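Remarks on the structure that follows.
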Amino acid sequence: MRIKKLNHNEINEMESKINKLRNEEYYKYYFDEGEKINYPDSAYLLDKKYYIDFTYYDNDCFFGIINLNKSKYDKNSYYELMKLFDKRLQHYKKISMWCFIENKTAYNFHKHLIKKYKTKHYKNERYSVLEVYHELKREI
């Protein structure tokens with residue numbers, strides 16, 4: 001199985017592992033000094049290298065993904081990620097996400113989602129914030 005839904009204990013283990021990455025240069029675009037820490041509503045491990053979570057902040061569900069292996073983006077994982085994203089979007093009806101504009105991989109993902117879904121996009125010189133809605137712009 002390429003995607004594994006994590007249980008409470010597995011999420012705690014992953015969150016602990018991720019918190020240790022906060023000071024590593026490779027992960028400088030994954031964390032923001034002002035972000036609140038919340039417990040995920042649901043979390044998954046994709047191909048044993050991408051940790052994905054859906055976490056509520058102020059009644060909005062936020063999507064997060066982190067590459068745990070510092071490996072190059074894997075196109076094969078993309079299809080599984082999008083299947084999971086679609087499934088969770090049906091459940092949550094709206095998913096928000098943010099990234100630093102300088103994080104080209106994440107920012108390109110935002111631009112890709114804008115083409116595929118009904119979205120609201122906000123950005124400034126530092127951040128991109130995206131709201132993705134359940135209604136599709138076009139069929140998959």
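Identifiers in this document derive from the order of the structure tokens: chains are assigned A, B, ..., residues are numbered from 1 separately in each chain, and ligands are numbered from 1 in order of occurrence.
Counting only C-alpha atoms, A:Asp53 has the following residues at most 8 Å away, ignoring those fewer than 6 positions along the same chain: Pro40, Asp41, Ser42, Ala43, Tyr44, Phe62, Phe63, Gly64 and Ile65 of chain A.
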Got time to write the residues from that selection, N, CA, C and O atoms, as a JSON list (two decimals), in the first residue's frame?
```json
[["chain", "number", "residue", "atom", "x", "y", "z"],
["A", 40, "PRO", "N", -3.20, 17.12, 14.09],
["A", 40, "PRO", "CA", -3.92, 16.86, 12.84],
["A", 40, "PRO", "C", -5.24, 16.13, 13.04],
["A", 40, "PRO", "O", -5.38, 15.28, 13.92],
["A", 41, "ASP", "N", -6.20, 16.47, 12.21],
["A", 41, "ASP", "CA", -7.47, 15.75, 12.17],
["A", 41, "ASP", "C", -7.25, 14.38, 11.56],
["A", 41, "ASP", "O", -7.83, 13.39, 11.99],
["A", 42, "SER", "N", -6.39, 14.31, 10.54],
["A", 42, "SER", "CA", -6.00, 13.04, 9.93],
["A", 42, "SER", "C", -4.61, 13.22, 9.32],
["A", 42, "SER", "O", -4.22, 14.32, 8.95],
["A", 43, "ALA", "N", -3.87, 12.11, 9.24],
["A", 43, "ALA", "CA", -2.52, 12.16, 8.69],
["A", 43, "ALA", "C", -2.20, 10.86, 7.97],
["A", 43, "ALA", "O", -2.74, 9.80, 8.31],
["A", 44, "TYR", "N", -1.30, 10.97, 6.99],
["A", 44, "TYR", "CA", -0.97, 9.85, 6.12],
["A", 44, "TYR", "C", 0.53, 9.84, 5.83],
["A", 44, "TYR", "O", 1.19, 10.88, 5.88],
["A", 62, "PHE", "N", -6.41, 22.83, 7.04],
["A", 62, "PHE", "CA", -5.20, 23.10, 6.28],
["A", 62, "PHE", "C", -4.51, 21.80, 5.91],
["A", 62, "PHE", "O", -4.43, 20.88, 6.71],
["A", 63, "PHE", "N", -4.02, 21.76, 4.69],
["A", 63, "PHE", "CA", -3.28, 20.64, 4.13],
["A", 63, "PHE", "C", -1.79, 20.93, 4.30],
["A", 63, "PHE", "O", -1.33, 22.03, 4.01],
["A", 64, "GLY", "N", -1.07, 19.94, 4.77],
["A", 64, "GLY", "CA", 0.38, 20.08, 4.87],
["A", 64, "GLY", "C", 1.06, 18.83, 4.35],
["A", 64, "GLY", "O", 0.53, 17.71, 4.48],
["A", 65, "ILE", "N", 2.20, 19.01, 3.74],
["A", 65, "ILE", "CA", 2.98, 17.87, 3.26],
["A", 65, "ILE", "C", 4.45, 18.20, 3.47],
["A", 65, "ILE", "O", 4.87, 19.33, 3.27]]
```
Which residues come within 12 Å of stretch 113-115 of chain A, counting only C-alpha atoms, excluding same-chain residues fewer than 3 positions away, as a ChimeraX atom specification?
/A:82,85-86,95-97,106-110,118-122,128-134,136-140
Produce a file of the selected residues containing N, CA, C and O atoms, as a short mmCIF file (atom, residue, chain, number, x, y, z; two decimals), in the first residue's frame.
```
data_model
loop_
_atom_site.label_atom_id
_atom_site.label_comp_id
_atom_site.auth_asym_id
_atom_site.auth_seq_id
_atom_site.Cartn_x
_atom_site.Cartn_y
_atom_site.Cartn_z
N MET A 82 -2.78 13.10 -5.31
CA MET A 82 -3.99 13.74 -5.84
C MET A 82 -5.25 12.91 -5.55
O MET A 82 -6.31 13.47 -5.29
N PHE A 85 -5.90 13.72 -1.99
CA PHE A 85 -6.38 15.09 -1.89
C PHE A 85 -7.84 15.20 -2.31
O PHE A 85 -8.66 15.82 -1.63
N ASP A 86 -8.20 14.58 -3.43
CA ASP A 86 -9.59 14.60 -3.91
C ASP A 86 -10.53 13.97 -2.89
O ASP A 86 -11.62 14.49 -2.62
N ILE A 95 -10.29 23.03 1.57
CA ILE A 95 -8.97 22.80 2.16
C ILE A 95 -8.11 24.01 1.86
O ILE A 95 -8.03 24.46 0.72
N SER A 96 -7.48 24.52 2.89
CA SER A 96 -6.58 25.66 2.75
C SER A 96 -5.13 25.18 2.85
O SER A 96 -4.86 24.11 3.39
N MET A 97 -4.23 25.97 2.32
CA MET A 97 -2.80 25.66 2.43
C MET A 97 -2.03 26.95 2.24
O MET A 97 -2.54 27.91 1.67
N ALA A 106 6.39 23.85 -3.76
CA ALA A 106 5.08 24.09 -3.15
C ALA A 106 4.29 25.15 -3.92
O ALA A 106 3.09 24.99 -4.14
N TYR A 107 4.96 26.20 -4.33
CA TYR A 107 4.27 27.27 -5.06
C TYR A 107 3.77 26.76 -6.41
O TYR A 107 2.65 27.08 -6.82
N ASN A 108 4.54 25.93 -7.09
CA ASN A 108 4.07 25.33 -8.35
C ASN A 108 2.87 24.42 -8.11
O ASN A 108 1.97 24.34 -8.95
N PHE A 109 2.85 23.74 -6.96
CA PHE A 109 1.69 22.92 -6.62
C PHE A 109 0.47 23.80 -6.44
O PHE A 109 -0.62 23.46 -6.91
N HIS A 110 0.61 24.95 -5.80
CA HIS A 110 -0.50 25.90 -5.67
C HIS A 110 -1.03 26.28 -7.05
O HIS A 110 -2.24 26.26 -7.29
N LYS A 118 -11.78 24.91 -8.18
CA LYS A 118 -12.28 26.23 -7.82
C LYS A 118 -11.48 26.66 -6.60
O LYS A 118 -11.43 25.95 -5.58
N THR A 119 -10.83 27.81 -6.68
CA THR A 119 -9.94 28.25 -5.61
C THR A 119 -10.08 29.75 -5.36
O THR A 119 -10.61 30.49 -6.20
N LYS A 120 -9.58 30.16 -4.21
CA LYS A 120 -9.30 31.57 -3.92
C LYS A 120 -7.82 31.61 -3.57
O LYS A 120 -7.35 30.80 -2.77
N HIS A 121 -7.12 32.54 -4.19
CA HIS A 121 -5.67 32.61 -4.01
C HIS A 121 -5.29 34.00 -3.51
O HIS A 121 -5.74 35.00 -4.05
N TYR A 122 -4.51 34.01 -2.46
CA TYR A 122 -4.00 35.26 -1.89
C TYR A 122 -2.49 35.13 -1.83
O TYR A 122 -1.97 34.09 -1.46
N SER A 128 2.12 32.50 -0.24
CA SER A 128 0.98 32.15 -1.08
C SER A 128 0.01 31.39 -0.18
O SER A 128 0.41 30.45 0.52
N VAL A 129 -1.24 31.82 -0.17
CA VAL A 129 -2.28 31.13 0.61
C VAL A 129 -3.38 30.75 -0.38
O VAL A 129 -3.83 31.57 -1.18
N LEU A 130 -3.78 29.49 -0.31
CA LEU A 130 -4.75 28.96 -1.26
C LEU A 130 -5.90 28.30 -0.52
O LEU A 130 -5.67 27.57 0.44
N GLU A 131 -7.11 28.58 -0.98
CA GLU A 131 -8.31 27.87 -0.52
C GLU A 131 -8.82 27.08 -1.71
O GLU A 131 -9.06 27.64 -2.77
N VAL A 132 -8.98 25.78 -1.52
CA VAL A 132 -9.45 24.90 -2.59
C VAL A 132 -10.84 24.40 -2.20
O VAL A 132 -11.04 23.92 -1.08
N TYR A 133 -11.78 24.53 -3.12
CA TYR A 133 -13.17 24.17 -2.87
C TYR A 133 -13.53 22.88 -3.59
O TYR A 133 -12.99 22.58 -4.65
N HIS A 134 -14.50 22.19 -3.04
CA HIS A 134 -14.89 20.87 -3.55
C HIS A 134 -15.34 20.91 -5.01
O HIS A 134 -15.13 19.95 -5.74
N LEU A 136 -15.19 21.14 -8.75
CA LEU A 136 -14.09 21.09 -9.73
C LEU A 136 -14.34 22.09 -10.85
O LEU A 136 -15.49 22.31 -11.25
N LYS A 137 -13.27 22.64 -11.38
CA LYS A 137 -13.38 23.49 -12.57
C LYS A 137 -13.63 22.64 -13.80
O LYS A 137 -14.31 23.04 -14.71
N ARG A 138 -13.00 21.48 -13.82
CA ARG A 138 -13.15 20.58 -14.95
C ARG A 138 -13.10 19.16 -14.42
O ARG A 138 -12.70 18.92 -13.31
N GLU A 139 -13.51 18.22 -15.25
CA GLU A 139 -13.49 16.82 -14.82
C GLU A 139 -12.07 16.31 -14.78
O GLU A 139 -11.23 16.73 -15.57
N ILE A 140 -11.85 15.37 -13.89
CA ILE A 140 -10.51 14.76 -13.74
C ILE A 140 -10.28 13.73 -14.81
O ILE A 140 -11.12 12.99 -15.18
#
```
Going by DSSP on the backbone, which bits of chain A are strand (DSSP E)? Write them as a PyMOL selection string, please.
chain A and resi 3-5+42-46+50-57+60-67+94-100+117-123+127-136
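Distances here use only C-alpha atoms; by that measure, the residue among A:Lys28, A:Lys4, A:Lys94, A:Lys87 closest to A:Lys48 is A:Lys4.
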Would you mind reading off the distance between atom CA of A:Arg126 and atom CA of A:Glu80, one decimal, in Å?
29.1 Å
Name the residues of stretch 3-133 of chain A that fall into alpha helix (DSSP H) according to DSSP on the backbone, using the chain letters and numbers of this document, as a ChimeraX atom specification.
/A:8-19,75-92,104-116
Pairwise distance for atom CA of A:Asn67 and atom CA of A:Tyr27, rounded to one decimal in Å:
9.0 Å
Using only C-alpha atoms, the best pick from A:Leu81, A:Ile3, A:Ile66, A:Cys61 as closest to A:Ile18 would be A:Ile66
As a check of understanding: the span from atom CA of A:Tyr127 to atom CA of A:Tyr29 is 10.4 Å
